[in-house]
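> Structure file final_8.csv, CSV, C-alpha atoms, is pasted below:
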chain,number,residue,atom,x,y,z
A,1162,MET,CA,-0.9,-18.2,-14.3
A,1163,SER,CA,2.9,-18.0,-13.7
A,1164,MET,CA,4.5,-15.2,-11.9
A,1165,ASN,CA,6.1,-12.8,-14.3
A,1166,GLN,CA,9.9,-12.5,-13.6
A,1167,GLY,CA,9.6,-8.8,-13.0
A,1168,GLU,CA,6.5,-9.1,-10.8
A,1169,ARG,CA,6.8,-8.6,-7.1
A,1170,PRO,CA,4.5,-10.4,-4.7
A,1171,LEU,CA,2.0,-8.4,-2.7
A,1172,GLU,CA,2.4,-8.6,1.1
A,1173,TRP,CA,-0.4,-7.3,3.4
A,1174,ILE,CA,0.7,-5.8,6.7
A,1175,ALA,CA,-1.5,-6.2,9.7
A,1176,SER,CA,-5.2,-5.7,8.9
A,1177,SER,CA,-4.7,-4.0,5.5
A,1178,TYR,CA,-6.2,-6.9,3.6
A,1179,LYS,CA,-9.2,-7.2,5.8
A,1180,ASP,CA,-9.6,-3.5,5.7
A,1181,LEU,CA,-9.5,-3.5,1.9
A,1182,MET,CA,-12.1,-6.3,1.7
A,1183,ALA,CA,-14.4,-4.1,3.8
A,1184,LEU,CA,-14.4,-1.3,1.2
A,1185,PRO,CA,-17.0,-0.9,-1.6
A,1186,PRO,CA,-16.4,-3.2,-4.6
A,1187,VAL,CA,-15.7,-0.4,-7.0
A,1188,VAL,CA,-13.1,1.1,-4.6
A,1189,ARG,CA,-11.5,-2.4,-4.1
A,1190,ARG,CA,-11.2,-2.9,-7.9
A,1191,PHE,CA,-9.6,0.6,-8.3
A,1192,PHE,CA,-7.1,-0.1,-5.6
A,1193,GLY,CA,-6.4,-3.6,-6.9
A,1194,PHE,CA,-5.6,-2.2,-10.3
A,1195,ALA,CA,-3.1,0.3,-8.8
A,1196,LEU,CA,-1.5,-2.5,-6.7
A,1197,SER,CA,-1.1,-4.8,-9.7
A,1198,LEU,CA,0.6,-2.0,-11.6
A,1199,ALA,CA,3.0,-1.5,-8.6
A,1200,GLN,CA,3.7,-5.3,-8.6
A,1201,ALA,CA,4.7,-5.0,-12.3
A,1202,GLY,CA,7.1,-2.1,-11.4
A,1203,ASP,CA,4.7,0.5,-12.9
A,1204,GLN,CA,2.8,3.3,-11.2
A,1205,ALA,CA,-0.9,4.1,-11.5
A,1206,ASP,CA,-1.5,7.7,-12.7
A,1207,THR,CA,-3.5,8.1,-9.6
A,1208,ALA,CA,-0.7,7.1,-7.2
A,1209,LYS,CA,1.0,10.0,-5.3
A,1210,VAL,CA,3.9,10.0,-3.0
A,1211,LEU,CA,2.7,10.2,0.6
A,1212,LYS,CA,4.5,13.2,2.2
A,1213,GLY,CA,6.2,12.7,5.5
A,1214,PHE,CA,8.3,9.6,4.6
A,1215,GLY,CA,11.3,11.4,3.0
A,1216,GLY,CA,10.4,10.2,-0.5
A,1217,ALA,CA,10.8,6.6,0.8
A,1218,GLY,CA,8.6,5.0,-1.9
A,1219,VAL,CA,5.5,5.3,0.2
A,1220,LEU,CA,2.6,5.8,-2.2
A,1221,GLU,CA,-1.1,6.6,-1.7
A,1222,VAL,CA,-4.1,6.0,-4.0
A,1223,VAL,CA,-7.3,7.9,-3.3
A,1224,GLU,CA,-10.7,7.0,-4.6
A,1225,ASN,CA,-14.1,8.5,-3.9
A,1226,ASP,CA,-17.5,7.0,-4.1
A,1227,ALA,CA,-20.9,8.1,-2.8
A,1228,GLY,CA,-19.9,6.8,0.7
A,1229,GLY,CA,-16.8,9.0,1.0
A,1230,THR,CA,-13.1,9.1,0.3
A,1231,TYR,CA,-11.0,6.0,0.6
A,1232,ARG,CA,-7.2,5.6,0.6
A,1233,ALA,CA,-4.8,2.8,0.1
A,1234,VAL,CA,-1.2,3.2,1.2
A,1235,TYR,CA,1.6,0.9,0.0
A,1236,THR,CA,5.4,1.0,-0.3
A,1237,VAL,CA,7.6,0.0,-3.3
A,1238,ARG,CA,10.8,0.7,-1.3
A,1239,PHE,CA,11.8,-2.9,-1.0
A,1240,ALA,CA,12.8,-5.2,-3.9
A,1241,GLU,CA,11.2,-8.2,-2.2
A,1242,ALA,CA,7.6,-7.2,-2.4
A,1243,VAL,CA,5.0,-4.5,-2.7
A,1244,PHE,CA,3.8,-4.0,0.9
A,1245,VAL,CA,0.3,-2.8,1.5
A,1246,LEU,CA,0.5,-0.7,4.7
A,1247,HIS,CA,-3.0,0.7,5.2
A,1248,CYS,CA,-6.5,0.8,3.6
A,1249,PHE,CA,-9.0,3.2,5.2
A,1250,GLN,CA,-11.8,5.6,4.8
A,1251,LYS,CA,-10.8,9.2,5.4
A,1252,LYS,CA,-13.4,10.5,7.8
A,1253,SER,CA,-12.4,14.0,8.3
A,1254,LYS,CA,-13.9,16.6,6.0
A,1255,SER,CA,-11.3,19.3,6.8
A,1256,GLY,CA,-8.2,19.5,4.7
A,1257,ILE,CA,-6.5,16.9,2.6
A,1258,ALA,CA,-3.9,15.9,5.1
A,1259,THR,CA,-3.8,12.3,6.2
A,1260,PRO,CA,-5.0,12.2,9.8
A,1261,LYS,CA,-2.2,11.8,12.4
A,1262,ALA,CA,-3.6,8.5,13.7
A,1263,ASP,CA,-3.4,7.0,10.2
A,1264,MET,CA,0.1,8.4,9.7
A,1265,ASP,CA,1.1,6.7,12.9
A,1266,ILE,CA,-0.3,3.4,11.7
A,1267,ILE,CA,1.5,3.8,8.4
A,1268,ARG,CA,4.8,4.6,10.1
A,1269,THR,CA,4.5,1.5,12.4
A,1270,ARG,CA,3.6,-0.8,9.5
A,1271,LEU,CA,6.4,0.5,7.4
A,1272,LYS,CA,8.8,-0.7,10.1
A,1273,VAL,CA,7.1,-4.1,10.0
A,1274,ALA,CA,7.4,-4.2,6.2
A,1275,GLU,CA,11.1,-3.4,6.5
A,1276,ALA,CA,11.7,-6.3,8.9
A,1277,LEU,CA,9.7,-8.6,6.6
A,1278,ALA,CA,11.6,-7.6,3.6
A,1279,GLN,CA,14.9,-8.3,5.5
A,1280,GLU,CA,13.6,-11.7,6.4
A,1281,MET,CA,12.6,-12.5,2.8
A,1282,ARG,CA,16.1,-11.3,1.7
A,1283,ASN,CA,17.7,-13.7,4.2
A,1284,GLU,CA,15.6,-16.6,3.2
A,1285,LYS,CA,16.6,-16.1,-0.4
A,1286,LYS,CA,20.3,-16.1,0.7
A,1287,ASP,CA,19.8,-19.4,2.6
A,1288,ARG,CA,18.2,-21.2,-0.2
Turn the structure described in the file into structure tokens.

Amino acid sequence: MSMNQGERPLEWIASSYKDLMALPPVVRRFFGFALSLAQAGDQADTAKVLKGFGGAGVLEVVENDAGGTYRAVYTVRFAEAVFVLHCFQKKSKSGIATPKADMDIIRTRLKVAEALAQEMRNEKKDR
């Protein structure tokens, strides 16, 4: 299958791919669908802007199953790729806010994604 011109590659930051693979299959499929839409420049109806990033194109998809609530966080801020920042199970029952530890991981990985996007941009220039 050839890559559609308008389709951005998917880049997994740190352990996000491994973490996604550890989730229940139905949750994985749901997140996979949302990510493939993002690659095509579209947005899943279920994707919401994650607050705390100044509208920086950081999105979150939430899915529930019998085992709990799962979240996938990705960014569409960079033209080079859709970067998956974090996939995790939300443990806390209190409130809907994303736990601080998870926000810190997302913040750190967003910086990594930014550096990676810059690298990809430079590689394109050098070709």
> Excluding range 1171-1178 of chain A and its own-chain neighbours fewer than 2 positions away, which residues fall within 7 Å of it when counting only C-alpha atoms? Please give them as a list in words.
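Close residues of range 1171-1178 of chain A: Arg1169, Asp1180, Leu1181, Met1182, Gln1200, Ala1242, Val1243, Phe1244, Val1245, Leu1246, His1247, Cys1248, Arg1270 and Ala1274 of chain A.
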> Residues as selected, C-alpha atoms, written as a short mmCIF file (atom, residue, chain, number, x, y, z; two decimals), in the coordinates of the input, can you do that?

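Resulting contents of again_26.cif:
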data_model
loop_
_atom_site.label_atom_id
_atom_site.label_comp_id
_atom_site.auth_asym_id
_atom_site.auth_seq_id
_atom_site.Cartn_x
_atom_site.Cartn_y
_atom_site.Cartn_z
CA ARG A 1169 6.80 -8.60 -7.10
CA ASP A 1180 -9.60 -3.50 5.70
CA LEU A 1181 -9.50 -3.50 1.90
CA MET A 1182 -12.10 -6.30 1.70
CA GLN A 1200 3.70 -5.30 -8.60
CA ALA A 1242 7.60 -7.20 -2.40
CA VAL A 1243 5.00 -4.50 -2.70
CA PHE A 1244 3.80 -4.00 0.90
CA VAL A 1245 0.30 -2.80 1.50
CA LEU A 1246 0.50 -0.70 4.70
CA HIS A 1247 -3.00 0.70 5.20
CA CYS A 1248 -6.50 0.80 3.60
CA ARG A 1270 3.60 -0.80 9.50
CA ALA A 1274 7.40 -4.20 6.20
#
> Excluding Glu1221 in chain A and its own-chain neighbours fewer than 2 positions away, which residues fall within 6 Å of it when counting only C-alpha atoms? Please give them as a list in words.
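That gives Ala1208, Lys1209, Leu1211, Ala1233 and Val1234 of chain A.
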> For a test of reading the model, state the distance in Å between CA of Lys1261 in chain A and CA of Val1219 in chain A, rounded to one decimal.
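So the answer is 15.8 Å.
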> I need the residue nearest Asn1225 in chain A from this list: A:Gln1250, A:Thr1259, A:Thr1269, A:Gln1279. Use all atoms listed in the file for the distance.
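Distance minimum relative to Asn1225 in chain A lands on A:Gln1250.
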> For Ala1199 in chain A, which of A:Arg1282, A:Arg1238, A:Arg1288, A:Lys1251 is the closest residue, counting only C-alpha atoms?
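Residue with the minimum atom-to-atom distance to Ala1199 in chain A: A:Arg1238.
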> Which residue gives the smallest distance to Asp1206 in chain A among A:Ala1240, A:Leu1184, A:Val1223, A:Ile1257, with all atoms listed in the file counted?
A:Val1223
> Give me, please, the distance in Å between CA of Met1264 in chain A and CA of Glu1168 in chain A, quoted to one decimal.
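Separating CA of Met1264 in chain A from CA of Glu1168 in chain A is a distance of 27.7 Å.
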> Quick one: distance from CA of Pro1185 in chain A to CA of Gly1228 in chain A in Å, one decimal?
8.5 Å
> Counting only C-alpha atoms, which of A:Phe1214, A:Gly1202, A:Gly1193, A:Phe1239 gets nearest to Arg1268 in chain A?
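That would be A:Phe1214, the residue with the smallest distance to Arg1268 in chain A.
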> Using all atoms listed in the file, which of the listed residues (A:Ala1276, A:Leu1271, A:Val1188, A:Ala1258) sits closest to Gly1229 in chain A?
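With all atoms listed in the file as the atom set, the closest residue is A:Val1188.
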> With distances taken over all atoms listed in the file, which of A:Ile1267, A:Ala1195, A:Glu1241, A:Phe1249 is nearest to Met1281 in chain A?
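Of A:Ile1267, A:Ala1195, A:Glu1241, A:Phe1249, the one nearest Met1281 in chain A, counting all atoms listed in the file, is A:Glu1241.
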